[in-house]
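For reference, work27.txt is printed below; it contains compact mmCIF, C-alpha atoms.
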```
# COMPACT_ATOMS: atom_id res chain seq x y z
CA MET A 1 -18.89 -16.84 -33.92
CA GLY A 2 -17.32 -19.96 -32.37
CA ASP A 3 -13.91 -18.26 -32.12
CA GLN A 4 -15.39 -15.19 -30.40
CA SER A 5 -17.28 -17.20 -27.80
CA ALA A 6 -14.20 -19.30 -27.15
CA GLY A 7 -12.15 -16.17 -26.68
CA LYS A 8 -14.45 -14.64 -24.09
CA PRO A 9 -13.37 -16.80 -21.13
CA GLY A 10 -9.75 -16.04 -21.98
CA GLY A 11 -10.53 -12.33 -22.13
CA VAL A 12 -12.25 -12.42 -18.74
CA ALA A 13 -9.33 -14.39 -17.29
CA SER A 14 -6.86 -11.83 -18.65
CA LEU A 15 -8.90 -8.99 -17.16
CA LEU A 16 -9.09 -10.71 -13.76
CA LYS A 17 -5.35 -11.41 -13.88
CA ALA A 18 -4.56 -7.77 -14.70
CA LEU A 19 -6.84 -6.64 -11.87
CA PHE A 20 -5.14 -9.06 -9.48
CA LEU A 21 -1.65 -7.90 -10.47
CA ARG A 22 -2.55 -4.23 -10.10
CA LEU A 23 -4.78 -4.22 -7.00
CA GLY A 24 -4.13 -7.57 -5.34
CA VAL A 25 -6.85 -9.75 -3.86
CA LEU A 26 -8.95 -6.88 -2.45
CA PRO A 27 -11.52 -6.50 -5.29
CA PHE A 28 -12.32 -10.22 -5.16
CA PHE A 29 -12.66 -10.29 -1.36
CA LEU A 30 -14.77 -7.11 -1.43
CA VAL A 31 -17.22 -8.44 -4.03
CA ALA A 32 -17.54 -11.76 -2.16
CA ALA A 33 -18.22 -9.98 1.16
CA LEU A 34 -20.81 -7.65 -0.39
CA ILE A 35 -22.70 -10.57 -1.94
CA VAL A 36 -22.62 -12.80 1.17
CA PHE A 37 -23.59 -10.16 3.72
CA ALA A 38 -26.20 -8.57 1.46
CA LEU A 39 -27.90 -11.97 1.36
CA VAL A 40 -27.63 -12.30 5.16
CA SER A 41 -29.09 -8.87 5.98
CA THR A 42 -31.17 -6.46 3.92
CA GLN A 43 -29.78 -3.57 6.01
CA PHE A 44 -26.15 -4.31 5.12
CA LEU A 45 -26.02 -2.21 1.94
CA SER A 46 -28.21 0.60 3.31
CA LEU A 47 -26.75 4.11 3.21
CA GLN A 48 -27.03 4.40 6.98
CA ASN A 49 -25.01 1.23 7.58
CA LEU A 50 -22.33 2.11 4.99
CA THR A 51 -22.01 5.59 6.54
CA ASN A 52 -21.63 3.98 9.94
CA VAL A 53 -18.92 1.67 8.59
CA ALA A 54 -17.08 4.65 7.09
CA ARG A 55 -17.16 6.39 10.48
CA GLN A 56 -15.96 3.27 12.30
CA SER A 57 -13.14 2.65 9.81
CA VAL A 58 -11.45 6.00 10.58
CA TYR A 59 -9.17 4.59 13.28
CA LEU A 60 -8.09 1.57 11.22
CA VAL A 61 -7.50 3.80 8.18
CA LEU A 62 -5.09 5.98 10.18
CA VAL A 63 -3.17 3.02 11.58
CA SER A 64 -3.13 1.20 8.23
CA LEU A 65 -1.63 4.23 6.49
CA GLY A 66 1.23 4.15 8.99
CA GLN A 67 1.58 0.38 8.67
CA MET A 68 1.74 0.82 4.88
CA LEU A 69 4.77 3.11 5.19
CA VAL A 70 6.64 0.50 7.23
CA LEU A 71 5.57 -2.41 5.00
CA ILE A 72 6.72 -0.56 1.86
CA SER A 73 10.11 -0.06 3.54
CA GLY A 74 10.39 -3.84 3.88
CA GLY A 75 9.41 -4.17 7.57
CA PHE A 76 6.28 -4.10 9.69
CA ASP A 77 5.20 -2.67 13.03
CA LEU A 78 3.63 -4.87 15.71
CA ALA A 79 3.75 -2.01 18.23
CA VAL A 80 0.97 0.16 16.74
CA GLY A 81 -1.53 -1.13 19.31
CA THR A 82 0.87 -0.21 22.10
CA ALA A 83 1.36 3.25 20.59
CA ILE A 84 -2.42 3.71 20.77
CA ALA A 85 -2.62 2.45 24.38
CA VAL A 86 0.29 4.60 25.60
CA THR A 87 -1.10 7.64 23.79
CA SER A 88 -4.51 7.07 25.36
CA VAL A 89 -3.15 6.68 28.90
CA VAL A 90 -0.59 9.50 28.77
CA SER A 91 -2.87 12.02 27.07
CA ALA A 92 -5.77 11.21 29.42
CA MET A 93 -3.61 11.49 32.56
CA ALA A 94 -2.09 14.77 31.34
CA MET A 95 -5.49 16.25 30.47
CA VAL A 96 -7.02 15.33 33.84
CA ALA A 97 -4.06 16.79 35.75
CA LEU A 98 -3.84 19.97 33.64
CA ALA A 99 -7.62 20.56 33.66
CA ALA A 100 -7.57 20.41 37.47
CA TRP A 101 -4.60 22.80 37.58
CA MET A 102 -6.02 25.30 35.07
CA PRO A 103 -9.84 24.90 35.13
CA ASP A 104 -10.39 28.13 33.16
CA MET A 105 -8.13 27.00 30.30
CA VAL A 106 -9.68 23.68 29.34
CA TRP A 107 -8.66 23.78 25.68
CA VAL A 108 -5.04 24.49 26.62
CA ALA A 109 -5.18 21.43 28.88
CA ILE A 110 -6.66 19.36 26.03
CA LEU A 111 -3.99 20.55 23.56
CA LEU A 112 -1.10 19.93 25.94
CA GLY A 113 -2.52 16.54 26.91
CA ALA A 114 -2.79 15.51 23.25
CA LEU A 115 0.78 16.70 22.62
CA ALA A 116 1.97 14.61 25.57
CA GLY A 117 0.28 11.59 24.01
CA PHE A 118 1.87 12.29 20.63
CA GLY A 119 5.27 12.69 22.28
CA SER A 120 5.02 9.33 24.04
CA ALA A 121 4.07 7.57 20.79
CA LEU A 122 6.89 9.30 18.92
CA LEU A 123 9.32 7.84 21.47
CA ILE A 124 7.96 4.39 20.62
CA GLY A 125 8.37 5.09 16.89
CA ALA A 126 11.87 6.48 17.40
CA LEU A 127 12.88 3.41 19.41
CA ASN A 128 11.56 1.10 16.69
CA GLY A 129 13.25 3.14 13.96
CA LEU A 130 16.55 3.27 15.84
CA GLY A 131 16.64 -0.47 16.39
CA VAL A 132 15.71 -1.38 12.82
CA ALA A 133 17.58 1.35 10.92
CA GLN A 134 20.67 1.94 13.05
CA PHE A 135 21.34 -1.46 14.61
CA GLY A 136 19.79 -3.72 11.98
CA VAL A 137 17.49 -5.53 14.41
CA SER A 138 14.74 -7.61 12.76
CA PRO A 139 11.51 -5.54 12.58
CA PHE A 140 9.63 -8.51 14.05
CA ILE A 141 11.86 -8.76 17.13
CA MET A 142 12.22 -5.00 17.59
CA THR A 143 8.57 -4.07 17.36
CA LEU A 144 7.46 -7.12 19.35
CA GLY A 145 9.85 -6.16 22.15
CA VAL A 146 8.76 -2.52 22.11
CA GLN A 147 5.13 -3.66 22.07
CA SER A 148 5.69 -5.61 25.28
CA VAL A 149 7.59 -2.77 26.98
CA GLY A 150 5.00 -0.16 25.99
CA ALA A 151 2.09 -2.30 27.15
CA GLY A 152 3.84 -2.81 30.49
CA ILE A 153 4.42 0.94 30.89
CA ALA A 154 0.75 1.71 30.15
CA LEU A 155 -0.39 -0.85 32.72
CA PHE A 156 2.16 0.41 35.28
CA LEU A 157 0.99 4.03 34.90
CA THR A 158 -2.68 3.16 35.40
CA GLY A 159 -2.57 -0.02 37.46
CA GLY A 160 -4.87 -1.45 34.81
CA VAL A 161 -7.64 0.99 35.78
CA PRO A 162 -9.15 3.28 33.08
CA VAL A 163 -8.29 6.97 33.43
CA SER A 164 -11.59 8.85 33.87
CA GLY A 165 -12.58 12.45 34.45
CA LEU A 166 -11.47 13.83 31.07
CA PRO A 167 -12.75 17.30 30.08
CA PHE A 168 -16.23 17.10 28.57
CA GLU A 169 -15.16 19.30 25.64
CA PHE A 170 -12.52 16.78 24.56
CA GLY A 171 -14.94 13.90 23.96
CA ASP A 172 -17.70 16.20 22.75
CA PHE A 173 -15.56 17.64 19.94
CA PHE A 174 -12.96 15.00 19.00
CA GLY A 175 -15.18 12.01 19.66
CA PHE A 176 -18.65 13.11 18.59
CA GLY A 177 -18.28 16.61 17.11
CA LYS A 178 -19.04 17.61 13.52
CA ILE A 179 -17.81 20.39 11.24
CA PHE A 180 -20.21 21.26 8.39
CA GLY A 181 -21.99 17.98 9.11
CA VAL A 182 -18.84 15.86 8.77
CA PRO A 183 -17.65 13.99 11.91
CA VAL A 184 -14.35 15.37 13.24
CA PRO A 185 -12.59 11.95 13.21
CA VAL A 186 -13.50 11.57 9.52
CA LEU A 187 -11.92 14.97 8.79
CA PHE A 188 -8.72 13.84 10.52
CA ALA A 189 -8.70 10.67 8.41
CA LEU A 190 -9.29 12.60 5.17
CA ALA A 191 -6.46 15.01 6.01
CA ALA A 192 -4.13 12.09 6.75
CA ILE A 193 -5.07 10.35 3.49
CA VAL A 194 -4.29 13.48 1.44
CA ILE A 195 -1.00 14.14 3.27
CA ILE A 196 0.24 10.54 2.97
CA TRP A 197 -0.79 10.38 -0.70
CA LEU A 198 1.18 13.56 -1.43
CA LEU A 199 4.09 12.25 0.63
CA MET A 200 4.27 8.97 -1.27
CA ASN A 201 3.58 10.30 -4.76
CA ARG A 202 4.97 13.83 -4.83
CA THR A 203 8.00 13.92 -2.52
CA ARG A 204 11.55 12.60 -2.49
CA PHE A 205 10.84 10.73 0.74
CA GLY A 206 8.13 8.66 -0.96
CA ALA A 207 10.43 7.76 -3.86
CA HIS A 208 13.20 6.85 -1.41
CA LEU A 209 10.83 4.68 0.65
CA TYR A 210 9.79 2.68 -2.42
CA ALA A 211 13.47 2.36 -3.40
CA VAL A 212 14.51 1.14 0.07
CA GLY A 213 11.73 -1.45 0.13
CA GLY A 214 12.41 -2.55 -3.43
CA ASN A 215 16.15 -3.09 -3.00
CA LEU A 216 17.96 -1.79 0.08
CA LYS A 217 21.49 -2.28 -1.30
CA ALA A 218 20.68 -0.68 -4.65
CA ALA A 219 19.03 2.29 -2.89
CA ASN A 220 22.12 2.73 -0.71
CA LEU A 221 24.41 2.66 -3.74
CA SER A 222 22.14 5.21 -5.47
CA GLY A 223 22.76 7.74 -2.71
CA VAL A 224 19.55 7.23 -0.75
CA HIS A 225 19.98 7.80 3.00
CA THR A 226 18.47 4.42 3.81
CA ARG A 227 18.82 4.60 7.60
CA ARG A 228 17.10 7.96 7.81
CA THR A 229 14.32 6.79 5.49
CA LEU A 230 13.67 3.68 7.59
CA PHE A 231 13.78 5.67 10.82
CA LEU A 232 11.26 8.23 9.54
CA ALA A 233 8.92 5.46 8.33
CA TYR A 234 8.63 4.02 11.86
CA VAL A 235 8.25 7.47 13.43
CA ALA A 236 5.47 8.38 10.96
CA CYS A 237 3.75 5.04 11.64
CA ALA A 238 3.75 5.72 15.40
CA LEU A 239 2.47 9.28 14.87
CA LEU A 240 -0.49 8.10 12.78
CA ALA A 241 -1.29 5.43 15.39
CA SER A 242 -1.07 8.14 18.06
CA ILE A 243 -3.62 10.33 16.24
CA ALA A 244 -5.93 7.31 16.13
CA GLY A 245 -5.25 6.82 19.85
CA VAL A 246 -6.32 10.35 20.76
CA LEU A 247 -9.49 10.08 18.67
CA MET A 248 -10.34 6.67 20.18
CA THR A 249 -9.76 8.07 23.67
CA ALA A 250 -12.16 10.90 22.90
CA ARG A 251 -14.67 8.35 21.63
CA VAL A 252 -14.64 6.22 24.79
CA GLU A 253 -14.04 9.30 27.01
CA SER A 254 -11.37 7.59 29.11
CA GLY A 255 -7.74 6.53 28.92
CA GLU A 256 -7.66 2.77 28.23
CA THR A 257 -4.73 0.34 28.22
CA ASN A 258 -6.64 -2.14 26.04
CA LEU A 259 -7.38 0.23 23.15
CA GLY A 260 -5.99 -1.06 19.88
CA GLY A 261 -5.52 -4.59 21.17
CA THR A 262 -6.07 -6.27 17.78
CA ILE A 263 -5.28 -3.33 15.51
CA ALA A 264 -1.77 -4.54 14.58
CA LEU A 265 -3.24 -7.69 13.01
CA GLU A 266 -6.10 -5.72 11.41
CA SER A 267 -3.80 -3.06 9.92
CA ILE A 268 -1.42 -5.64 8.45
CA ALA A 269 -4.41 -7.54 7.05
CA ALA A 270 -5.85 -4.34 5.55
CA CYS A 271 -2.52 -3.53 3.88
CA VAL A 272 -1.78 -7.02 2.55
CA ILE A 273 -5.34 -7.44 1.26
CA ALA A 274 -4.93 -4.03 -0.41
CA GLY A 275 -1.89 -5.25 -2.36
CA VAL A 276 0.94 -3.92 -0.18
CA SER A 277 3.71 -6.49 -0.55
CA LEU A 278 5.28 -8.01 2.57
CA ARG A 279 8.53 -8.01 0.60
CA GLY A 280 8.48 -4.21 0.42
CA GLY A 281 8.49 -1.68 -2.40
CA ILE A 282 4.85 -2.14 -3.49
CA GLY A 283 1.74 -0.37 -2.18
CA ARG A 284 -0.76 2.38 -2.95
CA VAL A 285 -2.44 4.76 -0.51
CA GLU A 286 -5.92 4.60 -2.06
CA ASN A 287 -5.90 0.79 -2.00
CA VAL A 288 -4.92 0.74 1.68
CA VAL A 289 -7.80 3.08 2.56
CA LEU A 290 -10.17 0.72 0.75
CA GLY A 291 -8.53 -2.25 2.50
CA ALA A 292 -9.15 -0.71 5.94
CA PHE A 293 -12.75 0.04 4.93
CA PHE A 294 -13.10 -3.59 3.82
CA ILE A 295 -11.87 -4.98 7.16
CA THR A 296 -14.34 -2.75 9.03
CA LEU A 297 -17.10 -3.70 6.58
CA LEU A 298 -16.28 -7.37 7.16
CA GLN A 299 -16.54 -6.95 10.95
CA ASN A 300 -19.81 -5.07 10.52
CA GLY A 301 -21.20 -7.81 8.29
CA MET A 302 -20.16 -10.53 10.75
CA ASN A 303 -21.89 -8.64 13.57
CA MET A 304 -25.05 -8.42 11.47
CA ALA A 305 -24.79 -12.15 10.77
CA GLN A 306 -24.51 -12.63 14.56
CA ILE A 307 -21.12 -14.34 14.31
CA GLY A 308 -19.44 -14.48 17.74
CA SER A 309 -16.31 -12.47 18.53
CA TYR A 310 -14.15 -15.59 18.91
CA LEU A 311 -15.17 -16.91 15.52
CA GLN A 312 -14.57 -13.45 14.07
CA MET A 313 -10.95 -13.65 15.27
CA ILE A 314 -10.58 -17.03 13.55
CA LEU A 315 -12.03 -15.69 10.28
CA LEU A 316 -9.89 -12.53 10.35
CA GLY A 317 -6.73 -14.56 11.00
CA SER A 318 -7.64 -16.96 8.20
CA LEU A 319 -8.23 -14.01 5.89
CA LEU A 320 -4.76 -12.67 6.68
CA ILE A 321 -3.18 -16.06 5.93
CA LEU A 322 -5.05 -16.23 2.61
CA ALA A 323 -4.00 -12.67 1.77
CA VAL A 324 -0.33 -13.53 2.44
CA ILE A 325 -0.57 -16.63 0.23
CA PHE A 326 -2.09 -14.55 -2.58
CA ASP A 327 0.63 -11.92 -2.01
CA GLN A 328 3.29 -14.58 -2.65
CA VAL A 329 1.47 -15.72 -5.81
CA ARG A 330 1.15 -12.13 -7.02
CA TYR A 331 4.82 -11.42 -6.35
CA ARG A 332 5.88 -14.44 -8.41
CA MET A 333 3.59 -13.38 -11.23
CA LEU A 334 4.99 -9.85 -11.14
CA MET A 335 8.52 -11.25 -11.25
CA GLY A 336 7.56 -13.50 -14.16
CA ASN A 337 8.06 -16.77 -12.24
CA ARG A 338 4.82 -18.65 -12.74
```
Using structure tokens, write down the structure that the file contains.
Amino acid sequence: MGDQSAGKPGGVASLLKALFLRLGVLPFFLVAALIVFALVSTQFLSLQNLTNVARQSVYLVLVSLGQMLVLISGGFDLAVGTAIAVTSVVSAMAMVALAAWMPDMVWVAILLGALAGFGSALLIGALNGLGVAQFGVSPFIMTLGVQSVGAGIALFLTGGVPVSGLPFEFGDFFGFGKIFGVPVPVLFALAAIVIIWLLMNRTRFGAHLYAVGGNLKAANLSGVHTRRTLFLAYVACALLASIAGVLMTARVESGETNLGGTIALESIAACVIAGVSLRGGIGRVENVVLGAFFITLLQNGMNMAQIGSYLQMILLGSLLILAVIFDQVRYRMLMGNR
């Protein structure tokens, strides 16, 4: 009996260690947040609030999936917020102009406007991918520079004034519409989750991306087209951010230059907390989705606890630092260096 009771703590520790190595720090953060905020507010764990959190997390899920692709490749993208802002401004301006030009073809104007937004974001992704993959520029410097340029372009196009007068149908359907009772933005997120999961687990591109992030030189020697893989990762990241940008524009019913202002930090935090390694080569789609949900849940809980927005920024930044520290610990444990 004494041996069994003595062995229990060791068994629990082994289980927690295995969970940490497989999923990262996310399960521990999630449990802690659920306990703390459930004690703060009785409404926190209600079905209505959790449904609301799921709806709000759609945009971060989309951006985090793109950020995951870049992180797995061994880089990261600080320009996702700019991709959202440029998409919002360009698509809104195009829709307003086209709707005025062809008032009887509103949906054509909406489609062409959205495509214009996607195209502008793809240029941002292509520029990032070209700099990192072709010229070997540091992802930090490249995406930071592109972020600044893109933000300047968005402000130049609008003069800092929101673009209003979008077609009513655009916001009504893409922002607040439902299909079979499911919000349209949620359907977009679900489709993206399935597509990215298949891409990472069932295609050659996914295997190549893990290989590039795991060991770039070894992947190159194995015949992997490393430059193309890196380039496509940044383009896909920008495209996913652009989809989030269009949906956010529909939600606020105007083109905004400040959309996605903090989403780069939030998406990196969601990925790192979900076990995506900053060293590349490690990450799972389902964990990233849960990580994005956790970040949104955390913000929701802090709002319910009436924590101010400035303090929320401090807590989110601290959480990211903690997640990075735990990522380093996890990496050493995975490598066997304890």
TODO: Could you give me, as a list in words, the residues that have an atom at most 9 Å away from the point (0.4, -6.6, -10.4) in the coordinates of the file, using only C-alpha atoms?
DONE: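 Checked against the point, the hits come out as Lys17, Ala18, Leu19, Phe20, Leu21, Arg22, Leu23, Gly24, Gly275, Arg330, Tyr331, Met333 and Leu334 of chain A.
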Task: For atom CA of A:Glu286 and atom CA of A:Pro27, the interatomic separation in Å (one decimal) - done: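 About the pair atom CA of A:Glu286 and atom CA of A:Pro27: they are 12.8 Å apart.
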Open item on the list: Which residue is closest to A:Thr51? Choose from A:Val276, A:Leu297, A:Leu290, A:Ala219 and count all atoms listed in the file.
Closed with: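 Smallest distance to A:Thr51 is found for A:Leu297.
Separating atom CA of A:Gly175 from atom CA of A:Gly245 is a distance of 11.2 Å.
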Which residues are close to A:Ile321, i.e. within 10 Å by all atoms listed in the file, leaving aside same-chain residues fewer than 5 positions away? Reply as a PDB file with C-alpha atoms, in the frame of the given file.
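Just written: around.pdb:
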```
ATOM      1  CA  ALA A 269      -4.410  -7.540   7.050  1.00  0.00           C
ATOM      2  CA  VAL A 272      -1.780  -7.020   2.550  1.00  0.00           C
ATOM      3  CA  LEU A 315     -12.030 -15.690  10.280  1.00  0.00           C
ATOM      4  CA  LEU A 316      -9.890 -12.530  10.350  1.00  0.00           C
ATOM      5  CA  PHE A 326      -2.090 -14.550  -2.580  1.00  0.00           C
ATOM      6  CA  ASP A 327       0.630 -11.920  -2.010  1.00  0.00           C
TER       7      ASP A 327
END
```
- [ ] Determine the nearest neighbour of A:Ser242 from the options A:Ala54, A:Gly125, A:Leu322, A:Ala38, counting all atoms listed in the file.
- [x] A:Gly125
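If only C-alpha atoms are the atoms counted, then among A:Ile325, A:Leu166, A:Ile196, A:Val149 the closest residue to A:Trp107 is A:Leu166.
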Task: 9 Å contact set for stretch 90-102 of chain A, all atoms listed in the file, chain neighbours under 3 positions out, as an MDAnalysis selection string - done: chainID A and resid 85:87 105:118 120 154 157:158 163:167 246 249 253:256
Task: Atom-to-atom span, atom CA of A:Gly283 and atom CA of A:Gly150, Å - done: 28.4 Å
